[in-house]
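K.L.:
What follows is entry_22.json, made up of JSON, N, CA and C atoms:
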```json
[["chain", "number", "residue", "atom", "x", "y", "z"],
["Y", 1, "MET", "N", 135.29, 48.66, 169.18],
["Y", 1, "MET", "CA", 134.77, 49.03, 167.88],
["Y", 1, "MET", "C", 133.96, 47.90, 167.26],
["Y", 2, "LEU", "N", 134.40, 46.68, 167.48],
["Y", 2, "LEU", "CA", 133.68, 45.56, 166.89],
["Y", 2, "LEU", "C", 132.27, 45.44, 167.44],
["Y", 3, "ALA", "N", 132.09, 45.83, 168.69],
["Y", 3, "ALA", "CA", 130.76, 45.73, 169.31],
["Y", 3, "ALA", "C", 129.75, 46.64, 168.62],
["Y", 4, "GLU", "N", 130.22, 47.64, 167.89],
["Y", 4, "GLU", "CA", 129.32, 48.55, 167.18],
["Y", 4, "GLU", "C", 128.74, 47.91, 165.92],
["Y", 5, "HIS", "N", 129.32, 46.80, 165.47],
["Y", 5, "HIS", "CA", 128.88, 46.16, 164.25],
["Y", 5, "HIS", "C", 127.84, 45.08, 164.54],
["Y", 6, "SER", "N", 127.14, 44.71, 163.51],
["Y", 6, "SER", "CA", 126.06, 43.74, 163.61],
["Y", 6, "SER", "C", 126.58, 42.34, 163.96],
["Y", 7, "ALA", "N", 125.97, 41.72, 164.96],
["Y", 7, "ALA", "CA", 126.33, 40.34, 165.31],
["Y", 7, "ALA", "C", 125.99, 39.41, 164.16],
["Y", 8, "ARG", "N", 124.90, 39.66, 163.49],
["Y", 8, "ARG", "CA", 124.52, 38.84, 162.33],
["Y", 8, "ARG", "C", 125.55, 38.99, 161.21],
["Y", 9, "GLY", "N", 126.00, 40.20, 161.00],
["Y", 9, "GLY", "CA", 127.02, 40.44, 159.99],
["Y", 9, "GLY", "C", 128.31, 39.69, 160.29],
["Y", 10, "HIS", "N", 128.72, 39.72, 161.55],
["Y", 10, "HIS", "CA", 129.91, 38.97, 161.97],
["Y", 10, "HIS", "C", 129.73, 37.47, 161.72],
["Y", 11, "ALA", "N", 128.56, 36.96, 162.09],
["Y", 11, "ALA", "CA", 128.29, 35.53, 161.92],
["Y", 11, "ALA", "C", 128.31, 35.15, 160.44],
["Y", 12, "LEU", "N", 127.72, 35.98, 159.60],
["Y", 12, "LEU", "CA", 127.71, 35.69, 158.17],
["Y", 12, "LEU", "C", 129.12, 35.76, 157.58],
["Y", 13, "THR", "N", 129.90, 36.71, 158.02],
["Y", 13, "THR", "CA", 131.29, 36.81, 157.54],
["Y", 13, "THR", "C", 132.07, 35.56, 157.91],
["Y", 14, "MET", "N", 131.91, 35.11, 159.13],
["Y", 14, "MET", "CA", 132.61, 33.90, 159.57],
["Y", 14, "MET", "C", 132.15, 32.68, 158.77],
["Y", 15, "ALA", "N", 130.85, 32.52, 158.62],
["Y", 15, "ALA", "CA", 130.30, 31.33, 157.97],
["Y", 15, "ALA", "C", 130.50, 31.33, 156.46],
["Y", 16, "MET", "N", 130.37, 32.48, 155.84],
["Y", 16, "MET", "CA", 130.37, 32.53, 154.38],
["Y", 16, "MET", "C", 131.74, 32.89, 153.77],
["Y", 17, "LEU", "N", 132.64, 33.42, 154.58],
["Y", 17, "LEU", "CA", 133.93, 33.84, 154.04],
["Y", 17, "LEU", "C", 135.09, 33.19, 154.78],
["Y", 18, "GLN", "N", 135.24, 33.51, 156.04],
["Y", 18, "GLN", "CA", 136.42, 33.06, 156.77],
["Y", 18, "GLN", "C", 136.48, 31.55, 156.92],
["Y", 19, "ALA", "N", 135.39, 30.90, 157.15],
["Y", 19, "ALA", "CA", 135.39, 29.44, 157.35],
["Y", 19, "ALA", "C", 135.74, 28.69, 156.07],
["Y", 20, "LYS", "N", 135.60, 29.35, 154.93],
["Y", 20, "LYS", "CA", 135.87, 28.70, 153.64],
["Y", 20, "LYS", "C", 137.30, 28.93, 153.15],
["Y", 21, "ARG", "N", 138.05, 29.77, 153.84],
["Y", 21, "ARG", "CA", 139.43, 30.02, 153.42],
["Y", 21, "ARG", "C", 140.29, 28.81, 153.71],
["Y", 22, "PRO", "N", 141.30, 28.56, 152.86],
["Y", 22, "PRO", "CA", 142.22, 27.46, 153.19],
["Y", 22, "PRO", "C", 143.05, 27.83, 154.41],
["Y", 23, "THR", "N", 143.47, 26.84, 155.14],
["Y", 23, "THR", "CA", 144.33, 27.09, 156.30],
["Y", 23, "THR", "C", 145.77, 27.22, 155.83],
["Y", 24, "LEU", "N", 146.63, 27.69, 156.71],
["Y", 24, "LEU", "CA", 148.06, 27.73, 156.39],
["Y", 24, "LEU", "C", 148.56, 26.35, 156.03],
["Y", 25, "TRP", "N", 148.11, 25.35, 156.77],
["Y", 25, "TRP", "CA", 148.55, 23.98, 156.54],
["Y", 25, "TRP", "C", 148.10, 23.48, 155.17],
["Y", 26, "ASP", "N", 146.94, 23.95, 154.71],
["Y", 26, "ASP", "CA", 146.47, 23.60, 153.36],
["Y", 26, "ASP", "C", 147.37, 24.19, 152.28],
["Y", 27, "MET", "N", 148.02, 25.29, 152.59],
["Y", 27, "MET", "CA", 148.85, 26.00, 151.61],
["Y", 27, "MET", "C", 150.34, 25.67, 151.72],
["Y", 28, "GLU", "N", 150.68, 24.61, 152.44],
["Y", 28, "GLU", "CA", 152.07, 24.30, 152.73],
["Y", 28, "GLU", "C", 152.94, 24.21, 151.47],
["Y", 29, "ALA", "N", 152.48, 23.52, 150.44],
["Y", 29, "ALA", "CA", 153.30, 23.36, 149.23],
["Y", 29, "ALA", "C", 153.64, 24.71, 148.61],
["Y", 30, "ASP", "N", 152.66, 25.60, 148.53],
["Y", 30, "ASP", "CA", 152.91, 26.93, 147.97],
["Y", 30, "ASP", "C", 153.80, 27.77, 148.89],
["Y", 31, "LEU", "N", 153.61, 27.64, 150.19],
["Y", 31, "LEU", "CA", 154.42, 28.41, 151.13],
["Y", 31, "LEU", "C", 155.89, 28.01, 151.06],
["Y", 32, "LYS", "N", 156.17, 26.76, 150.75],
["Y", 32, "LYS", "CA", 157.56, 26.31, 150.63],
["Y", 32, "LYS", "C", 158.27, 26.98, 149.46],
["Y", 33, "LYS", "N", 157.51, 27.53, 148.52],
["Y", 33, "LYS", "CA", 158.07, 28.20, 147.34],
["Y", 33, "LYS", "C", 158.13, 29.72, 147.52],
["Y", 34, "PHE", "N", 157.61, 30.23, 148.61],
["Y", 34, "PHE", "CA", 157.55, 31.68, 148.85],
["Y", 34, "PHE", "C", 158.96, 32.22, 149.00],
["Y", 35, "SER", "N", 159.31, 33.26, 148.25],
["Y", 35, "SER", "CA", 160.70, 33.73, 148.29],
["Y", 35, "SER", "C", 160.93, 35.15, 148.77],
["Y", 36, "PRO", "N", 159.94, 36.04, 148.83],
["Y", 36, "PRO", "CA", 160.23, 37.37, 149.38],
["Y", 36, "PRO", "C", 160.59, 37.29, 150.87],
["Y", 37, "PRO", "N", 161.36, 38.24, 151.36],
["Y", 37, "PRO", "CA", 161.65, 38.27, 152.80],
["Y", 37, "PRO", "C", 160.34, 38.33, 153.60],
["Y", 38, "LEU", "N", 160.26, 37.54, 154.64],
["Y", 38, "LEU", "CA", 159.05, 37.47, 155.46],
["Y", 38, "LEU", "C", 159.43, 37.49, 156.93],
["Y", 39, "LEU", "N", 158.85, 38.41, 157.66],
["Y", 39, "LEU", "CA", 159.03, 38.45, 159.11],
["Y", 39, "LEU", "C", 157.67, 38.24, 159.75],
["Y", 40, "ILE", "N", 157.56, 37.20, 160.54],
["Y", 40, "ILE", "CA", 156.34, 36.91, 161.27],
["Y", 40, "ILE", "C", 156.52, 37.49, 162.67],
["Y", 41, "ILE", "N", 155.60, 38.35, 163.07],
["Y", 41, "ILE", "CA", 155.65, 38.97, 164.39],
["Y", 41, "ILE", "C", 154.40, 38.55, 165.14],
["Y", 42, "VAL", "N", 154.59, 37.98, 166.31],
["Y", 42, "VAL", "CA", 153.45, 37.49, 167.08],
["Y", 42, "VAL", "C", 153.70, 37.77, 168.56],
["Y", 43, "GLY", "N", 152.64, 38.04, 169.27],
["Y", 43, "GLY", "CA", 152.73, 38.20, 170.72],
["Y", 43, "GLY", "C", 152.66, 36.85, 171.40],
["Y", 44, "ASP", "N", 153.40, 36.67, 172.46],
["Y", 44, "ASP", "CA", 153.41, 35.37, 173.14],
["Y", 44, "ASP", "C", 152.09, 35.06, 173.85],
["Y", 45, "GLU", "N", 151.23, 36.04, 173.97],
["Y", 45, "GLU", "CA", 149.93, 35.81, 174.58],
["Y", 45, "GLU", "C", 148.82, 35.66, 173.54],
["Y", 46, "ASP", "N", 149.20, 35.65, 172.26],
["Y", 46, "ASP", "CA", 148.24, 35.45, 171.17],
["Y", 46, "ASP", "C", 148.16, 33.95, 170.87],
["Y", 47, "GLU", "N", 147.55, 33.24, 171.80],
["Y", 47, "GLU", "CA", 147.54, 31.77, 171.77],
["Y", 47, "GLU", "C", 147.06, 31.19, 170.45],
["Y", 48, "THR", "N", 146.06, 31.80, 169.83],
["Y", 48, "THR", "CA", 145.50, 31.23, 168.60],
["Y", 48, "THR", "C", 146.43, 31.40, 167.41],
["Y", 49, "CYS", "N", 147.42, 32.27, 167.50],
["Y", 49, "CYS", "CA", 148.32, 32.52, 166.36],
["Y", 49, "CYS", "C", 149.72, 31.93, 166.54],
["Y", 50, "LEU", "N", 150.06, 31.45, 167.71],
["Y", 50, "LEU", "CA", 151.41, 30.95, 167.95],
["Y", 50, "LEU", "C", 151.75, 29.74, 167.08],
["Y", 51, "ASP", "N", 150.88, 28.75, 167.02],
["Y", 51, "ASP", "CA", 151.17, 27.55, 166.24],
["Y", 51, "ASP", "C", 151.33, 27.88, 164.76],
["Y", 52, "GLY", "N", 150.45, 28.71, 164.23],
["Y", 52, "GLY", "CA", 150.54, 29.11, 162.82],
["Y", 52, "GLY", "C", 151.82, 29.89, 162.53],
["Y", 53, "SER", "N", 152.23, 30.71, 163.46],
["Y", 53, "SER", "CA", 153.46, 31.49, 163.29],
["Y", 53, "SER", "C", 154.68, 30.58, 163.25],
["Y", 54, "VAL", "N", 154.73, 29.61, 164.13],
["Y", 54, "VAL", "CA", 155.85, 28.65, 164.13],
["Y", 54, "VAL", "C", 155.81, 27.81, 162.85],
["Y", 55, "PHE", "N", 154.63, 27.40, 162.42],
["Y", 55, "PHE", "CA", 154.50, 26.66, 161.17],
["Y", 55, "PHE", "C", 155.06, 27.47, 160.01],
["Y", 56, "LEU", "N", 154.69, 28.75, 159.92],
["Y", 56, "LEU", "CA", 155.21, 29.60, 158.84],
["Y", 56, "LEU", "C", 156.73, 29.70, 158.90],
["Y", 57, "LYS", "N", 157.27, 29.89, 160.08],
["Y", 57, "LYS", "CA", 158.72, 29.98, 160.24],
["Y", 57, "LYS", "C", 159.40, 28.72, 159.73],
["Y", 58, "ARG", "N", 158.83, 27.59, 160.02],
["Y", 58, "ARG", "CA", 159.43, 26.32, 159.60],
["Y", 58, "ARG", "C", 159.20, 26.01, 158.13],
["Y", 59, "THR", "N", 158.19, 26.59, 157.51],
["Y", 59, "THR", "CA", 157.79, 26.24, 156.16],
["Y", 59, "THR", "C", 158.32, 27.19, 155.10],
["Y", 60, "VAL", "N", 158.24, 28.49, 155.35],
["Y", 60, "VAL", "CA", 158.65, 29.49, 154.36],
["Y", 60, "VAL", "C", 160.17, 29.64, 154.41],
["Y", 61, "PRO", "N", 160.85, 29.43, 153.29],
["Y", 61, "PRO", "CA", 162.32, 29.46, 153.30],
["Y", 61, "PRO", "C", 162.93, 30.78, 153.76],
["Y", 62, "THR", "N", 162.22, 31.87, 153.56],
["Y", 62, "THR", "CA", 162.77, 33.20, 153.90],
["Y", 62, "THR", "C", 162.17, 33.79, 155.17],
["Y", 63, "ALA", "N", 161.49, 32.97, 155.95],
["Y", 63, "ALA", "CA", 160.77, 33.49, 157.12],
["Y", 63, "ALA", "C", 161.67, 33.63, 158.34],
["Y", 64, "GLY", "N", 161.44, 34.71, 159.06],
["Y", 64, "GLY", "CA", 161.99, 34.90, 160.39],
["Y", 64, "GLY", "C", 160.83, 35.05, 161.35],
["Y", 65, "LEU", "N", 161.05, 34.76, 162.59],
["Y", 65, "LEU", "CA", 159.98, 34.81, 163.59],
["Y", 65, "LEU", "C", 160.42, 35.66, 164.78],
["Y", 66, "LEU", "N", 159.61, 36.64, 165.11],
["Y", 66, "LEU", "CA", 159.83, 37.46, 166.29],
["Y", 66, "LEU", "C", 158.63, 37.29, 167.21],
["Y", 67, "VAL", "N", 158.88, 36.77, 168.40],
["Y", 67, "VAL", "CA", 157.83, 36.63, 169.40],
["Y", 67, "VAL", "C", 158.07, 37.70, 170.45],
["Y", 68, "ILE", "N", 157.07, 38.57, 170.61],
["Y", 68, "ILE", "CA", 157.20, 39.67, 171.55],
["Y", 68, "ILE", "C", 156.49, 39.29, 172.85],
["Y", 69, "PRO", "N", 157.24, 39.30, 173.96],
["Y", 69, "PRO", "CA", 156.66, 38.87, 175.23],
["Y", 69, "PRO", "C", 155.55, 39.80, 175.73],
["Y", 70, "ARG", "N", 154.62, 39.17, 176.43],
["Y", 70, "ARG", "CA", 153.54, 39.87, 177.13],
["Y", 70, "ARG", "C", 152.68, 40.70, 176.17],
["Y", 71, "SER", "N", 152.54, 40.21, 174.93],
["Y", 71, "SER", "CA", 151.74, 40.89, 173.92],
["Y", 71, "SER", "C", 150.71, 39.94, 173.35],
["Y", 72, "GLY", "N", 149.61, 40.51, 172.88],
["Y", 72, "GLY", "CA", 148.54, 39.71, 172.33],
["Y", 72, "GLY", "C", 148.37, 39.91, 170.83],
["Y", 73, "HIS", "N", 147.14, 39.80, 170.36],
["Y", 73, "HIS", "CA", 146.82, 39.83, 168.94],
["Y", 73, "HIS", "C", 146.95, 41.22, 168.32],
["Y", 74, "THR", "N", 146.78, 42.24, 169.11],
["Y", 74, "THR", "CA", 146.86, 43.62, 168.59],
["Y", 74, "THR", "C", 148.26, 44.19, 168.81],
["Y", 75, "ILE", "N", 149.24, 43.44, 168.39],
["Y", 75, "ILE", "CA", 150.64, 43.73, 168.70],
["Y", 75, "ILE", "C", 151.10, 45.08, 168.15],
["Y", 76, "THR", "N", 150.57, 45.49, 167.00],
["Y", 76, "THR", "CA", 150.98, 46.78, 166.44],
["Y", 76, "THR", "C", 150.52, 47.94, 167.32],
["Y", 77, "SER", "N", 149.44, 47.76, 168.04],
["Y", 77, "SER", "CA", 148.98, 48.78, 168.98],
["Y", 77, "SER", "C", 149.63, 48.64, 170.35],
["Y", 78, "GLU", "N", 149.88, 47.39, 170.75],
["Y", 78, "GLU", "CA", 150.44, 47.14, 172.07],
["Y", 78, "GLU", "C", 151.92, 47.48, 172.15],
["Y", 79, "GLU", "N", 152.67, 47.16, 171.11],
["Y", 79, "GLU", "CA", 154.13, 47.35, 171.11],
["Y", 79, "GLU", "C", 154.60, 47.98, 169.79],
["Y", 80, "PRO", "N", 154.10, 49.19, 169.47],
["Y", 80, "PRO", "CA", 154.44, 49.78, 168.18],
["Y", 80, "PRO", "C", 155.94, 50.02, 167.99],
["Y", 81, "ASP", "N", 156.65, 50.40, 169.03],
["Y", 81, "ASP", "CA", 158.09, 50.65, 168.88],
["Y", 81, "ASP", "C", 158.84, 49.37, 168.52],
["Y", 82, "ALA", "N", 158.49, 48.26, 169.15],
["Y", 82, "ALA", "CA", 159.15, 46.99, 168.86],
["Y", 82, "ALA", "C", 158.83, 46.52, 167.45],
["Y", 83, "VAL", "N", 157.58, 46.67, 167.05],
["Y", 83, "VAL", "CA", 157.18, 46.26, 165.69],
["Y", 83, "VAL", "C", 157.89, 47.12, 164.66],
["Y", 84, "ASN", "N", 157.89, 48.43, 164.86],
["Y", 84, "ASN", "CA", 158.54, 49.32, 163.89],
["Y", 84, "ASN", "C", 160.04, 49.06, 163.81],
["Y", 85, "ALA", "N", 160.69, 48.80, 164.93],
["Y", 85, "ALA", "CA", 162.12, 48.50, 164.92],
["Y", 85, "ALA", "C", 162.39, 47.19, 164.17],
["Y", 86, "ALA", "N", 161.54, 46.19, 164.37],
["Y", 86, "ALA", "CA", 161.72, 44.91, 163.68],
["Y", 86, "ALA", "C", 161.52, 45.07, 162.18],
["Y", 87, "LEU", "N", 160.55, 45.87, 161.79],
["Y", 87, "LEU", "CA", 160.32, 46.10, 160.36],
["Y", 87, "LEU", "C", 161.47, 46.88, 159.74],
["Y", 88, "ALA", "N", 161.97, 47.86, 160.45],
["Y", 88, "ALA", "CA", 163.12, 48.63, 159.94],
["Y", 88, "ALA", "C", 164.31, 47.70, 159.71],
["Y", 89, "GLU", "N", 164.55, 46.78, 160.63],
["Y", 89, "GLU", "CA", 165.65, 45.82, 160.47],
["Y", 89, "GLU", "C", 165.38, 44.88, 159.30],
["Y", 90, "LEU", "N", 164.14, 44.42, 159.14],
["Y", 90, "LEU", "CA", 163.79, 43.57, 158.00],
["Y", 90, "LEU", "C", 164.08, 44.30, 156.69],
["Y", 91, "PHE", "N", 163.62, 45.55, 156.57],
["Y", 91, "PHE", "CA", 163.81, 46.30, 155.33],
["Y", 91, "PHE", "C", 165.30, 46.52, 155.05],
["Y", 92, "SER", "N", 166.04, 46.86, 156.07],
["Y", 92, "SER", "CA", 167.48, 47.07, 155.92],
["Y", 92, "SER", "C", 168.19, 45.79, 155.49],
["Y", 93, "ALA", "N", 167.87, 44.70, 156.15],
["Y", 93, "ALA", "CA", 168.49, 43.42, 155.83],
["Y", 93, "ALA", "C", 168.12, 42.96, 154.42],
["Y", 94, "ALA", "N", 166.87, 43.16, 154.04],
["Y", 94, "ALA", "CA", 166.43, 42.75, 152.70],
["Y", 94, "ALA", "C", 167.13, 43.59, 151.62],
["Y", 95, "GLU", "N", 167.18, 44.89, 151.84],
["Y", 95, "GLU", "CA", 167.82, 45.78, 150.86],
["Y", 95, "GLU", "C", 169.30, 45.51, 150.71],
["Y", 96, "SER", "N", 169.97, 45.11, 151.77],
["Y", 96, "SER", "CA", 171.42, 44.87, 151.72],
["Y", 96, "SER", "C", 171.76, 43.42, 151.36],
["Y", 97, "GLY", "N", 170.74, 42.58, 151.17],
["Y", 97, "GLY", "CA", 170.98, 41.19, 150.82],
["Y", 97, "GLY", "C", 171.33, 40.30, 152.00],
["Y", 98, "ARG", "N", 171.09, 40.78, 153.22],
["Y", 98, "ARG", "CA", 171.39, 39.98, 154.42],
["Y", 98, "ARG", "C", 170.24, 39.08, 154.83],
["Y", 99, "TRP", "N", 169.05, 39.28, 154.25],
["Y", 99, "TRP", "CA", 167.89, 38.45, 154.61],
["Y", 99, "TRP", "C", 167.82, 37.30, 153.62],
["Y", 100, "LEU", "N", 168.42, 36.21, 153.96],
["Y", 100, "LEU", "CA", 168.55, 35.09, 153.05],
["Y", 100, "LEU", "C", 167.61, 33.94, 153.44],
["Y", 101, "ALA", "N", 167.49, 32.99, 152.54],
["Y", 101, "ALA", "CA", 166.70, 31.80, 152.84],
["Y", 101, "ALA", "C", 167.41, 31.00, 153.93],
["Y", 102, "HIS", "N", 166.64, 30.16, 154.61],
["Y", 102, "HIS", "CA", 167.19, 29.28, 155.64],
["Y", 102, "HIS", "C", 168.26, 28.39, 155.03],
["Y", 103, "LYS", "N", 169.21, 28.04, 155.83],
["Y", 103, "LYS", "CA", 170.22, 27.08, 155.38],
["Y", 103, "LYS", "C", 169.58, 25.70, 155.29],
["Y", 104, "PRO", "N", 169.87, 24.95, 154.24],
["Y", 104, "PRO", "CA", 169.30, 23.60, 154.17],
["Y", 104, "PRO", "C", 169.75, 22.78, 155.36],
["Y", 105, "GLY", "N", 168.87, 21.98, 155.86],
["Y", 105, "GLY", "CA", 169.33, 21.23, 156.99],
["Y", 105, "GLY", "C", 168.39, 20.23, 157.43]]
```
Re-express the file's structure as structure tokens.

P.N.:
Amino acid sequence: MLAEHSARGHALTMAMLQAKRPTLWDMEADLKKFSPPLLIIVGDEDETCLDGSVFLKRTVPTAGLLVIPRSGHTITSEEPDAVNAALAELFSAAESGRWLAHKPG
């Protein structure tokens, strides 16, 4: 689907929008204050997102991390059952008060 879009449009989006966004590492102080339940789901073959996912897990007090094997960046399409099951567990745990902040340590 992306191939149907303008290459110039993609380049402008990258240069004028995405390249100017702060990185996760730039937002570390704010992320340490994030309190809603957070589940990070990443495929183990999504090389560009693995480091950021681990950083979020270590930084956000309420973060959990699920790494799904043999999956890439389009994880919701590649492994929809696993993603939906993980989200159902997140919602259940959050509603029942079982999704707590990390223990200090």

K.L.:
Atom CA of Gln18 of chain Y and atom CA of Leu65 of chain Y, how far apart in Å?

P.N.:
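Taking atom CA of Leu65 of chain Y and atom CA of Gln18 of chain Y, their separation equals 24.6 Å.
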
K.L.:
With distances taken over all atoms listed in the file, which residue among Y:Val60, Y:Ala19, Y:Val42, Y:Ala86 lies nearest Gly72 of chain Y?

P.N.:
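That would be Y:Val42, the residue with the smallest distance to Gly72 of chain Y.
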
K.L.:
I'd like the neighbourhood of Gly43 of chain Y as a list of chain:residue names, where a residue qualifies if any of its atoms comes within 9 Å (using only C-alpha atoms), though same-chain residues fewer than 4 positions away should be ignored.

P.N.:
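Residues near the query, excluding close chain neighbours: Y:Glu47, Y:Cys49, Y:Leu50, Y:Leu66, Y:Val67, Y:Ile68, Y:Pro69, Y:Arg70, Y:Ser71, Y:Gly72, Y:His73, Y:Thr74, Y:Ile75.
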
K.L.:
As a PyMOL selection string, please: every residue in segment 1-70 of chain Y that a backbone DSSP assignment puts in strand (DSSP E).

P.N.:
chain Y and resi 38-43+63-68

K.L.:
Filtering to N, CA and C atoms, could you give me those residues as a compact mmCIF listing (two decimals), in the coordinates of the input?

P.N.:
```txt
# COMPACT_ATOMS: atom_id res chain seq x y z
N LEU Y 38 160.26 37.54 154.64
CA LEU Y 38 159.05 37.47 155.46
C LEU Y 38 159.43 37.49 156.93
N LEU Y 39 158.85 38.41 157.66
CA LEU Y 39 159.03 38.45 159.11
C LEU Y 39 157.67 38.24 159.75
N ILE Y 40 157.56 37.20 160.54
CA ILE Y 40 156.34 36.91 161.27
C ILE Y 40 156.52 37.49 162.67
N ILE Y 41 155.60 38.35 163.07
CA ILE Y 41 155.65 38.97 164.39
C ILE Y 41 154.40 38.55 165.14
N VAL Y 42 154.59 37.98 166.31
CA VAL Y 42 153.45 37.49 167.08
C VAL Y 42 153.70 37.77 168.56
N GLY Y 43 152.64 38.04 169.27
CA GLY Y 43 152.73 38.20 170.72
C GLY Y 43 152.66 36.85 171.40
N ALA Y 63 161.49 32.97 155.95
CA ALA Y 63 160.77 33.49 157.12
C ALA Y 63 161.67 33.63 158.34
N GLY Y 64 161.44 34.71 159.06
CA GLY Y 64 161.99 34.90 160.39
C GLY Y 64 160.83 35.05 161.35
N LEU Y 65 161.05 34.76 162.59
CA LEU Y 65 159.98 34.81 163.59
C LEU Y 65 160.42 35.66 164.78
N LEU Y 66 159.61 36.64 165.11
CA LEU Y 66 159.83 37.46 166.29
C LEU Y 66 158.63 37.29 167.21
N VAL Y 67 158.88 36.77 168.40
CA VAL Y 67 157.83 36.63 169.40
C VAL Y 67 158.07 37.70 170.45
N ILE Y 68 157.07 38.57 170.61
CA ILE Y 68 157.20 39.67 171.55
C ILE Y 68 156.49 39.29 172.85
```

K.L.:
Would you compute the distance between atom N of Leu39 of chain Y and atom C of Arg98 of chain Y? Give it in Å to one decimal.

P.N.:
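Distance between the two atoms: 11.8 Å.
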
K.L.:
Mind giving me the straight-line distance from atom CA of Ala101 of chain Y to atom N of Pro80 of chain Y in Å, one decimal?

P.N.:
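Rounded to one decimal, the two atoms are 27.2 Å apart.
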
K.L.:
So which residues of segment 47-90 of chain Y fall under alpha helix (DSSP H) by DSSP, listed as a PyMOL selection string?

P.N.:
chain Y and resi 47-59+75-78+80-90

K.L.:
Point out the residue among Y:His10, Y:His5, Y:Arg21, Y:His102 with the least atom-to-atom distance to Pro61 of chain Y, counting only C-alpha atoms.

P.N.:
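Result for the nearest residue to Pro61 of chain Y: Y:His102.
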
K.L.:
Ranking Y:Arg58, Y:Thr76, Y:Pro36, Y:Asp51 by minimum distance to Gly97 of chain Y and counting only C-alpha atoms, which one comes first?

P.N.:
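Once distances to Gly97 of chain Y are computed over only C-alpha atoms, the minimum belongs to Y:Pro36.
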